[in-house]
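Trainee: So here's protein37.txt (compact mmCIF, C-alpha atoms).
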# COMPACT_ATOMS: atom_id res chain seq x y z
CA MET A 1 -9.68 89.02 -22.39
CA ASP A 2 -8.43 89.59 -18.85
CA PRO A 3 -4.83 88.31 -18.72
CA ARG A 4 -4.66 88.51 -14.92
CA ILE A 5 -6.90 85.48 -14.43
CA THR A 6 -4.37 83.19 -16.14
CA ILE A 7 -1.50 84.08 -13.83
CA ILE A 8 -3.31 83.62 -10.48
CA LYS A 9 -2.78 79.86 -10.49
CA ASP A 10 0.97 80.38 -10.94
CA ARG A 11 1.12 82.90 -8.11
CA LEU A 12 -0.31 80.32 -5.71
CA SER A 13 1.42 77.27 -7.15
CA SER A 14 3.99 77.08 -4.34
CA VAL A 15 1.45 77.37 -1.53
CA LYS A 16 0.80 74.00 0.09
CA ARG A 17 -2.42 74.73 1.97
CA ILE A 18 -4.87 77.62 1.49
CA ILE A 19 -7.36 78.18 4.31
CA ALA A 20 -10.15 80.73 3.85
CA VAL A 21 -11.68 81.83 7.14
CA ALA A 22 -15.37 82.58 6.65
CA SER A 23 -18.57 83.18 8.55
CA GLY A 24 -22.13 84.17 7.85
CA LYS A 25 -22.10 87.03 10.35
CA GLY A 26 -19.73 89.87 11.08
CA GLY A 27 -18.26 90.31 14.55
CA VAL A 28 -17.78 86.61 15.31
CA GLY A 29 -13.98 86.83 15.34
CA LYS A 30 -12.94 85.80 11.82
CA SER A 31 -10.07 88.26 11.66
CA MET A 32 -8.87 87.31 15.16
CA VAL A 33 -8.96 83.63 14.18
CA SER A 34 -7.23 84.29 10.82
CA THR A 35 -4.49 86.42 12.36
CA GLY A 36 -4.13 84.10 15.35
CA LEU A 37 -3.70 81.08 13.07
CA ALA A 38 -1.08 82.91 11.02
CA LEU A 39 0.82 83.91 14.19
CA LEU A 40 0.74 80.38 15.58
CA LEU A 41 1.80 78.79 12.30
CA SER A 42 4.65 81.25 11.93
CA LYS A 43 5.71 80.64 15.55
CA LYS A 44 5.90 76.94 14.74
CA ASN A 45 8.29 77.77 11.88
CA HIS A 46 5.80 77.20 9.10
CA LYS A 47 6.09 79.52 6.13
CA CYS A 48 2.84 81.41 6.37
CA GLY A 49 1.00 84.13 4.47
CA LEU A 50 -1.99 86.17 5.58
CA LEU A 51 -4.26 87.78 2.99
CA ASP A 52 -6.87 90.19 4.33
CA LEU A 53 -9.59 90.22 1.67
CA ASP A 54 -12.07 92.27 3.64
CA PHE A 55 -11.80 95.39 1.49
CA HIS A 56 -14.57 97.28 3.28
CA GLY A 57 -13.39 96.47 6.78
CA PRO A 58 -9.79 95.26 6.84
CA SER A 59 -8.64 94.61 10.39
CA CYS A 60 -5.78 92.08 10.39
CA HIS A 61 -3.28 94.97 10.34
CA ILE A 62 -4.88 96.45 13.47
CA ILE A 63 -4.62 93.10 15.26
CA LEU A 64 -0.96 92.81 14.21
CA GLY A 65 -0.28 96.43 15.18
CA VAL A 66 0.98 97.35 11.74
CA ASP A 67 1.10 100.89 10.38
CA LYS A 68 2.20 101.79 6.89
CA LEU A 69 4.51 99.19 5.40
CA GLU A 70 6.92 99.60 2.55
CA LEU A 71 6.09 97.34 -0.37
CA ILE A 72 8.85 95.59 -2.25
CA GLU A 73 8.36 95.62 -6.01
CA GLU A 74 10.14 92.73 -7.65
CA LYS A 75 8.43 91.41 -10.75
CA GLY A 76 5.21 92.05 -8.84
CA ILE A 77 4.67 92.78 -5.17
CA ILE A 78 6.45 90.86 -2.42
CA PRO A 79 4.22 91.03 0.66
CA PRO A 80 5.88 92.69 3.66
CA THR A 81 6.81 90.29 6.47
CA ILE A 82 5.41 90.80 9.98
CA ASN A 83 6.65 88.42 12.66
CA GLY A 84 7.49 85.90 9.96
CA ILE A 85 4.08 86.25 8.25
CA LYS A 86 3.90 87.47 4.66
CA PHE A 87 1.05 89.93 4.95
CA MET A 88 -1.03 91.35 2.11
CA SER A 89 -3.94 93.73 2.56
CA ILE A 90 -5.67 96.57 0.74
CA VAL A 91 -4.42 98.85 3.53
CA HIS A 92 -0.92 98.69 2.03
CA PHE A 93 -2.35 100.82 -0.78
CA ALA A 94 -5.41 102.58 0.68
CA GLU A 95 -4.04 103.08 4.22
CA GLU A 96 -6.94 103.98 6.54
CA LYS A 97 -9.09 105.58 3.84
CA PRO A 98 -12.53 104.00 3.30
CA VAL A 99 -12.70 101.83 0.18
CA ALA A 100 -16.29 102.16 -1.05
CA ILE A 101 -16.41 99.80 -4.01
CA ARG A 102 -19.17 97.62 -5.46
CA GLY A 103 -19.43 94.07 -6.80
CA LYS A 104 -17.55 94.17 -10.09
CA GLU A 105 -14.92 96.45 -8.63
CA VAL A 106 -14.44 94.24 -5.59
CA SER A 107 -13.72 91.41 -8.05
CA ASN A 108 -11.32 93.56 -10.03
CA ALA A 109 -9.39 94.65 -6.93
CA LEU A 110 -9.22 91.05 -5.71
CA ILE A 111 -8.02 89.76 -9.09
CA GLU A 112 -5.38 92.51 -9.21
CA LEU A 113 -4.04 91.60 -5.75
CA LEU A 114 -3.96 87.88 -6.57
CA ALA A 115 -2.28 88.55 -9.93
CA ILE A 116 0.49 90.82 -8.68
CA THR A 117 1.32 89.30 -5.27
CA ARG A 118 4.30 86.97 -5.25
CA TRP A 119 3.88 84.74 -2.21
CA GLY A 120 6.72 82.37 -3.05
CA ASN A 121 6.93 79.10 -1.12
CA LEU A 122 4.38 78.90 1.67
CA ASP A 123 3.20 76.07 3.87
CA TYR A 124 -0.02 77.94 4.62
CA LEU A 125 -1.89 80.91 3.22
CA ILE A 126 -4.64 82.13 5.52
CA ILE A 127 -7.34 84.24 3.82
CA ASP A 128 -9.51 86.46 5.99
CA LEU A 129 -12.85 86.84 4.20
CA PRO A 130 -15.58 89.42 4.82
CA PRO A 131 -18.82 88.12 6.34
CA GLY A 132 -21.37 86.14 4.36
CA MET A 133 -21.54 85.01 0.78
CA SER A 134 -19.63 88.07 -0.31
CA ASP A 135 -18.14 88.91 -3.69
CA GLU A 136 -14.76 88.03 -2.22
CA ALA A 137 -15.92 84.54 -1.17
CA LEU A 138 -17.52 83.92 -4.56
CA ASP A 139 -14.42 85.10 -6.35
CA ILE A 140 -11.95 83.00 -4.44
CA MET A 141 -14.12 79.96 -5.13
CA ARG A 142 -13.97 80.84 -8.81
CA LEU A 143 -10.27 81.69 -8.93
CA ILE A 144 -8.65 79.37 -6.38
CA LYS A 145 -9.51 75.74 -6.76
CA ASN A 146 -7.67 74.07 -3.91
CA GLN A 147 -8.62 76.12 -0.87
CA GLU A 148 -10.50 74.88 2.15
CA PHE A 149 -13.01 76.84 4.21
CA LEU A 150 -12.79 77.26 7.94
CA ILE A 151 -16.04 78.52 9.42
CA VAL A 152 -16.24 80.63 12.55
CA THR A 153 -19.41 81.07 14.58
CA THR A 154 -20.40 82.16 18.05
CA PRO A 155 -22.87 80.03 20.01
CA SER A 156 -25.61 82.54 19.15
CA LYS A 157 -28.71 81.60 17.16
CA LEU A 158 -28.18 84.80 15.18
CA SER A 159 -24.77 83.66 13.99
CA MET A 160 -25.62 79.99 13.50
CA GLY A 161 -28.73 80.81 11.47
CA VAL A 162 -26.64 82.65 8.89
CA VAL A 163 -23.76 80.18 9.08
CA GLU A 164 -26.18 77.41 8.19
CA LYS A 165 -26.96 79.21 4.92
CA LEU A 166 -23.24 79.64 4.27
CA ILE A 167 -22.63 75.91 4.83
CA LYS A 168 -25.48 74.99 2.46
CA PHE A 169 -24.07 77.36 -0.13
CA LEU A 170 -20.49 76.09 0.19
CA LYS A 171 -21.70 72.50 -0.05
CA SER A 172 -23.75 73.32 -3.13
CA MET A 173 -20.53 74.64 -4.68
CA ASN A 174 -18.65 71.47 -3.66
CA ALA A 175 -16.29 73.56 -1.54
CA ASN A 176 -13.99 71.81 0.90
CA ILE A 177 -15.08 72.71 4.46
CA THR A 178 -12.47 71.88 7.09
CA GLY A 179 -14.86 72.49 9.96
CA ILE A 180 -16.39 74.93 12.41
CA ILE A 181 -14.70 76.84 15.19
CA GLU A 182 -16.92 77.95 18.05
CA ASN A 183 -15.72 81.35 19.23
CA MET A 184 -16.50 83.64 22.20
CA VAL A 185 -17.96 80.85 24.34
CA MET A 186 -19.29 82.26 27.61
CA THR A 187 -21.33 79.38 29.01
CA GLU A 188 -21.02 75.61 28.92
CA SER A 189 -23.17 74.19 26.12
CA ASN A 190 -22.95 71.78 23.21
CA ILE A 191 -25.24 73.81 20.94
CA VAL A 192 -22.58 74.38 18.25
CA GLU A 193 -21.38 70.77 18.35
CA GLU A 194 -24.96 69.67 17.69
CA PHE A 195 -25.31 72.30 15.01
CA ALA A 196 -22.14 70.98 13.31
CA ARG A 197 -23.40 67.40 13.53
CA LYS A 198 -26.77 68.39 12.07
CA ASN A 199 -25.07 70.14 9.17
CA LYS A 200 -22.55 67.34 8.66
CA VAL A 201 -19.56 69.59 9.23
CA ARG A 202 -16.63 68.75 11.51
CA TYR A 203 -16.61 70.53 14.89
CA LEU A 204 -13.03 71.69 15.43
CA GLY A 205 -13.26 73.04 18.95
CA LYS A 206 -14.15 76.03 21.06
CA ILE A 207 -12.48 79.26 22.02
CA LEU A 208 -13.61 80.64 25.37
CA TYR A 209 -14.51 84.32 25.63
CA ASP A 210 -11.32 86.10 26.64
CA SER A 211 -11.89 89.42 28.37
CA GLU A 212 -8.16 90.21 28.14
CA LEU A 213 -8.02 89.85 24.36
CA GLU A 214 -9.11 93.40 23.48
CA SER A 215 -6.24 94.93 25.44
CA CYS A 216 -3.75 92.82 23.44
CA ILE A 217 -4.94 93.92 20.00
CA GLY A 218 -1.99 95.59 18.28
CA SER A 219 0.67 93.74 20.27
CA ILE A 220 1.82 90.39 18.90
CA GLU A 221 3.78 89.61 22.05
CA CYS A 222 0.72 90.16 24.22
CA LEU A 223 -1.62 88.31 21.83
CA LEU A 224 0.54 85.20 21.90
CA LYS A 225 0.09 84.99 25.68
CA THR A 226 -3.72 85.15 25.62
CA LYS A 227 -6.13 82.35 26.48
CA PHE A 228 -7.65 82.95 23.04
CA ILE A 229 -4.38 81.89 21.41
CA GLN A 230 -4.02 78.90 23.75
CA ASN A 231 -7.49 77.67 22.73
CA LEU A 232 -6.76 78.34 19.07
CA LEU A 233 -3.51 76.38 19.33
CA GLU A 234 -5.44 73.28 20.43
CA ILE A 235 -7.73 73.69 17.42
CA LEU A 236 -4.77 74.20 15.10
CA GLU A 237 -3.09 71.01 16.33
CA TYR A 238 -6.31 69.14 15.61
CA MET A 239 -6.62 70.75 12.16
CA LYS A 240 -3.02 69.86 11.29
CA SER A 241 -3.76 66.25 12.09
CA LEU A 242 -6.57 66.20 9.54
CA SER A 243 -5.80 65.34 5.95
CA CYS A 244 -7.65 67.86 3.87
CA MET B 1 8.35 96.38 -11.08
CA HIS B 2 4.63 95.75 -10.96
CA GLU B 3 4.49 95.99 -14.78
CA TRP B 4 6.45 92.73 -14.96
CA ALA B 5 3.62 90.86 -13.23
CA LEU B 6 1.09 92.19 -15.73
CA ALA B 7 3.35 91.47 -18.71
CA GLU B 8 3.79 87.93 -17.41
CA ALA B 9 0.00 87.56 -17.33
CA VAL B 10 -0.29 88.82 -20.93
CA ILE B 11 2.34 86.43 -22.32
CA LYS B 12 1.07 83.45 -20.36
CA THR B 13 -2.46 84.13 -21.63
CA ALA B 14 -1.28 84.45 -25.24
CA LEU B 15 0.63 81.17 -25.02
CA GLU B 16 -2.32 79.41 -23.41
CA VAL B 17 -4.65 80.64 -26.15
CA MET B 18 -2.18 79.40 -28.76
CA LYS B 19 -1.99 75.99 -27.11
CA LYS B 20 -5.76 75.75 -26.73
CA GLU B 21 -6.29 76.56 -30.38
CA GLY B 22 -3.63 74.11 -31.50
CA GLY B 23 -1.40 76.86 -32.91
CA LYS B 24 2.38 76.82 -33.27
CA LYS B 25 3.18 80.50 -33.03
CA VAL B 26 1.72 83.69 -31.63
CA VAL B 27 2.00 86.24 -34.43
CA GLU B 28 0.22 89.24 -32.95
CA ILE B 29 -0.97 90.43 -29.54
CA ASN B 30 -3.21 93.49 -29.39
CA ILE B 31 -3.17 95.01 -25.94
CA VAL B 32 -5.36 97.79 -24.59
CA ILE B 33 -3.80 100.01 -21.95
CA GLY B 34 -6.33 101.77 -19.76
CA LYS B 35 -4.69 104.96 -18.61
CA LEU B 36 -6.25 104.90 -15.14
CA GLN B 37 -3.57 102.40 -14.11
CA THR B 38 -0.72 104.67 -15.31
CA ILE B 39 1.37 101.81 -16.63
CA ASP B 40 5.05 102.63 -17.13
CA MET B 41 5.28 101.67 -20.81
CA ASP B 42 9.09 101.43 -20.81
CA ALA B 43 8.97 98.91 -17.97
CA PHE B 44 6.02 97.06 -19.52
CA ASN B 45 7.69 96.84 -22.94
CA PHE B 46 10.95 95.71 -21.39
CA ALA B 47 9.16 92.96 -19.46
CA LEU B 48 7.22 91.81 -22.55
CA GLY B 49 10.47 91.64 -24.54
CA GLU B 50 12.23 89.59 -21.88
CA LEU B 51 9.29 87.27 -21.33
CA ILE B 52 8.62 86.34 -24.95
CA GLU B 53 12.25 85.43 -25.59
CA GLY B 54 12.59 81.75 -26.45
CA THR B 55 8.83 81.18 -26.54
CA PRO B 56 6.48 80.62 -29.52
CA ALA B 57 5.51 84.29 -29.07
CA GLU B 58 9.09 85.49 -29.68
CA SER B 59 8.41 87.08 -33.05
CA ALA B 60 4.90 88.30 -32.21
CA LYS B 61 4.01 91.84 -33.13
CA ILE B 62 2.76 93.59 -30.03
CA ASN B 63 0.40 96.49 -30.62
CA PHE B 64 -0.94 98.90 -28.04
CA GLU B 65 -4.13 100.89 -27.97
CA TYR B 66 -4.63 103.48 -25.27
CA GLU B 67 -7.89 104.32 -23.53
CA ASN B 68 -8.59 107.35 -21.40
CA PRO B 69 -10.55 106.42 -18.29
CA VAL B 70 -14.27 107.05 -18.64
CA PHE B 71 -16.48 107.13 -15.54
CA LYS B 72 -20.24 107.05 -15.08
CA CYS B 73 -21.73 108.25 -11.82
CA ILE B 74 -24.17 105.77 -10.29
CA ASN B 75 -25.74 108.51 -8.20
CA CYS B 76 -26.57 111.10 -10.91
CA GLY B 77 -25.75 109.35 -14.21
CA TYR B 78 -23.11 111.91 -15.25
CA GLU B 79 -20.40 110.56 -17.55
CA TRP B 80 -16.92 112.02 -17.70
CA SER B 81 -13.42 111.26 -18.82
CA ILE B 82 -9.97 112.13 -17.50
CA GLU B 83 -7.07 112.67 -19.88
CA SER B 84 -4.31 112.88 -17.35
CA LEU B 85 -4.33 111.98 -13.67
CA ASP B 86 -1.26 114.19 -13.09
CA LYS B 87 -3.27 117.38 -13.10
CA LEU B 88 -5.82 116.01 -10.68
CA LEU B 89 -3.99 113.88 -8.16
CA GLY B 90 -0.75 113.71 -6.19
CA GLU B 91 2.05 111.20 -6.67
CA ASP B 92 0.99 108.92 -3.78
CA GLU B 93 -2.62 108.87 -4.95
CA ILE B 94 -1.60 107.99 -8.52
CA GLU B 95 0.66 105.24 -7.16
CA ALA B 96 -2.17 103.71 -5.10
CA ILE B 97 -4.42 103.69 -8.20
CA HIS B 98 -1.55 102.24 -10.23
CA PHE B 99 -1.46 99.17 -7.99
CA VAL B 100 -5.23 98.82 -7.53
CA PRO B 101 -7.25 101.05 -9.93
CA GLU B 102 -10.40 100.55 -7.83
CA LEU B 103 -8.81 102.86 -5.25
CA SER B 104 -9.73 105.67 -7.65
CA HIS B 105 -12.98 105.74 -5.64
CA ILE B 106 -11.05 107.17 -2.74
CA PHE B 107 -9.53 110.02 -4.69
CA ILE B 108 -11.90 110.78 -7.60
CA LYS B 109 -15.41 112.17 -7.22
CA CYS B 110 -18.18 112.80 -9.73
CA PRO B 111 -17.67 116.37 -11.02
CA ASN B 112 -21.44 116.84 -11.10
CA CYS B 113 -22.60 115.58 -7.68
CA ASN B 114 -19.35 114.85 -5.81
CA SER B 115 -20.26 111.19 -5.29
CA PRO B 116 -17.51 108.54 -5.12
CA ASP B 117 -20.06 105.98 -6.32
CA PHE B 118 -19.27 105.55 -10.01
CA ASP B 119 -18.48 102.87 -12.55
CA VAL B 120 -15.22 102.87 -14.48
CA ILE B 121 -16.72 102.05 -17.85
CA LYS B 122 -13.51 102.31 -19.87
CA GLY B 123 -9.77 102.68 -19.44
CA ARG B 124 -9.24 100.78 -16.18
CA GLY B 125 -6.09 98.81 -16.91
CA VAL B 126 -4.45 96.20 -19.11
CA TYR B 127 -6.46 93.76 -21.20
CA ILE B 128 -5.95 91.75 -24.35
CA LYS B 129 -8.14 92.81 -27.24
CA SER B 130 -7.10 90.03 -29.61
CA ILE B 131 -4.41 87.46 -30.29
CA LYS B 132 -3.43 86.13 -33.72
CA ILE B 133 -2.17 82.58 -33.88
CA GLN B 134 -0.36 80.76 -36.69
CA GLU B 135 -1.44 77.16 -37.09
Take the structure from the file and write it as structure tokens.
Mentor:
Amino acid sequence: MDPRITIIKDRLSSVKRIIAVASGKGGVGKSMVSTGLALLLSKKNHKCGLLDLDFHGPSCHIILGVDKLELIEEKGIIPPTINGIKFMSIVHFAEEKPVAIRGKEVSNALIELLAITRWGNLDYLIIDLPPGMSDEALDIMRLIKNQEFLIVTTPSKLSMGVVEKLIKFLKSMNANITGIIENMVMTESNIVEEFARKNKVRYLGKILYDSELESCIGSIECLLKTKFIQNLLEILEYMKSLSC
Amino acid sequence: MHEWALAEAVIKTALEVMKKEGGKKVVEINIVIGKLQTIDMDAFNFALGELIEGTPAESAKINFEYENPVFKCINCGYEWSIESLDKLLGEDEIEAIHFVPELSHIFIKCPNCNSPDFDVIKGRGVYIKSIKIQE
């Protein structure tokens, strides 16, 4: 009997809204969206947590410009706070070493993190998931019952094709899908809006391709001034108005 | 004290099992400690003692069984065990594995083929072997 499973619900009991950021494809900007949302929510004085669950390719810490952080042990682990965001990631333990683990072990590592992390009171917990119908996505559906999924896609057929499978899968699992964010938009088109309509998922808005964004990775101050963040803020305001 | 979080999980599980089975008291909890996680038993015992106080598990007998970690290489099939991580790894490495035992894949390699691709088939961490309930 794995005792850790029982305690996960308690660890998240004081979190008002859990948003898992997912996509079918890699490279569509999930981690940028996750981290950007956490920064914006924190800036607006919401108590916010950010959980990077991409064990094979964690990147939220790079976006935030975080090196090694000291962990506080107090009846578990208190996530370190960056710019007001309680931030938990495998990099706190593995640093920049590659974590080559398979299915069952991914689950075990995820359960361990959920069981030992004390988030406390949060208005929002943003979870950055790895691409696709990963072990991490399957596990959070199994272990966390009240989260909602936020899907990120680019206006590329390659991304939307895989995202469509993800939507079908999430719907088959009765998951709560908040909507789709269209990211890295370079030309005027309504292809993703139509795609969302066809798949009966809410279209939340678009983020224009921001050529300045790359140079701001690692600097929170710089990131908060980008057009990317301005576009994301409009989407966030819309999301906050929705009752999920 | 990371051990507290695990002890909390053990006691909560025992009490939930008791409730589910319609019992009134938890009389025995048999816990297996996988040595890969290098649990500090003083801290773990202290936490268990504090957490059961005033609960229907207060007088439960808590027994421990220890398991050395056993690994099986996925690449070559070799199976091996480690008695003590101290002789093999540094303090920081042991601490990383203590928090997340799956990080052993970073620091431990198959002694036969040097692959980090192995299963931990025994001795990973804390689990409950059995719970005795009084009705």
Trainee: List the neighbours of Glu50 of chain B out to 12 Å using only C-alpha atoms; skip same-chain residues closer than 6 positions along the sequence, and give me the result as a PyMOL selection string.
Mentor: (chain A and resi 75) or (chain B and resi 4+7-8+11+43-44+57-58)
Trainee: Give me the residues near segment 125-134 of chain B as a list in words, where near means some atom within 7 Å (using all atoms listed in the file) and where sequence neighbours in that chain fewer than 5 positions away do not count.
Mentor: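 Non-adjacent residues within range: Met1, Asp2 and Pro3 of chain A; Ala14, Met18, Gly23, Lys24, Lys25, Val26, Val27, Glu28, Ile29, Asn30, Ile31, Val32, Ile33, Gly34, Lys35, Leu36 and Gln37 of chain B.
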Trainee: Which neighbours of Val70 of chain B fall inside 6 Å, counting all atoms listed in the file, when residues of the same chain fewer than 3 positions from it are skipped, and could you give them as number ranges by chain?
Mentor: B: 80-81, 120-122
Trainee: Should the cut-off be 8 Å, what would the residue list for chain A against chain B look like, counting only C-alpha atoms, as a PyMOL selection string?
Mentor: chain A and resi 1-7+73-77+93-94+97-101+105-106+108-109+112-113+115-116
Trainee: Using C-alpha atoms, can you write the selected residues to a file as a compact mmCIF listing (two decimals), in the coordinates of the input?
Mentor:
# COMPACT_ATOMS: atom_id res chain seq x y z
CA MET A 1 -9.68 89.02 -22.39
CA ASP A 2 -8.43 89.59 -18.85
CA PRO A 3 -4.83 88.31 -18.72
CA ARG A 4 -4.66 88.51 -14.92
CA ILE A 5 -6.90 85.48 -14.43
CA THR A 6 -4.37 83.19 -16.14
CA ILE A 7 -1.50 84.08 -13.83
CA GLU A 73 8.36 95.62 -6.01
CA GLU A 74 10.14 92.73 -7.65
CA LYS A 75 8.43 91.41 -10.75
CA GLY A 76 5.21 92.05 -8.84
CA ILE A 77 4.67 92.78 -5.17
CA PHE A 93 -2.35 100.82 -0.78
CA ALA A 94 -5.41 102.58 0.68
CA LYS A 97 -9.09 105.58 3.84
CA PRO A 98 -12.53 104.00 3.30
CA VAL A 99 -12.70 101.83 0.18
CA ALA A 100 -16.29 102.16 -1.05
CA ILE A 101 -16.41 99.80 -4.01
CA GLU A 105 -14.92 96.45 -8.63
CA VAL A 106 -14.44 94.24 -5.59
CA ASN A 108 -11.32 93.56 -10.03
CA ALA A 109 -9.39 94.65 -6.93
CA GLU A 112 -5.38 92.51 -9.21
CA LEU A 113 -4.04 91.60 -5.75
CA ALA A 115 -2.28 88.55 -9.93
CA ILE A 116 0.49 90.82 -8.68
Trainee: Name the closest residue to Leu40 of chain A among the candidates A:Leu232, A:Ile127, A:Leu138, A:Ile111; distances are taken between atoms, counting all atoms listed in the file.
Mentor: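 Once distances to Leu40 of chain A are computed over all atoms listed in the file, the minimum belongs to A:Leu232.
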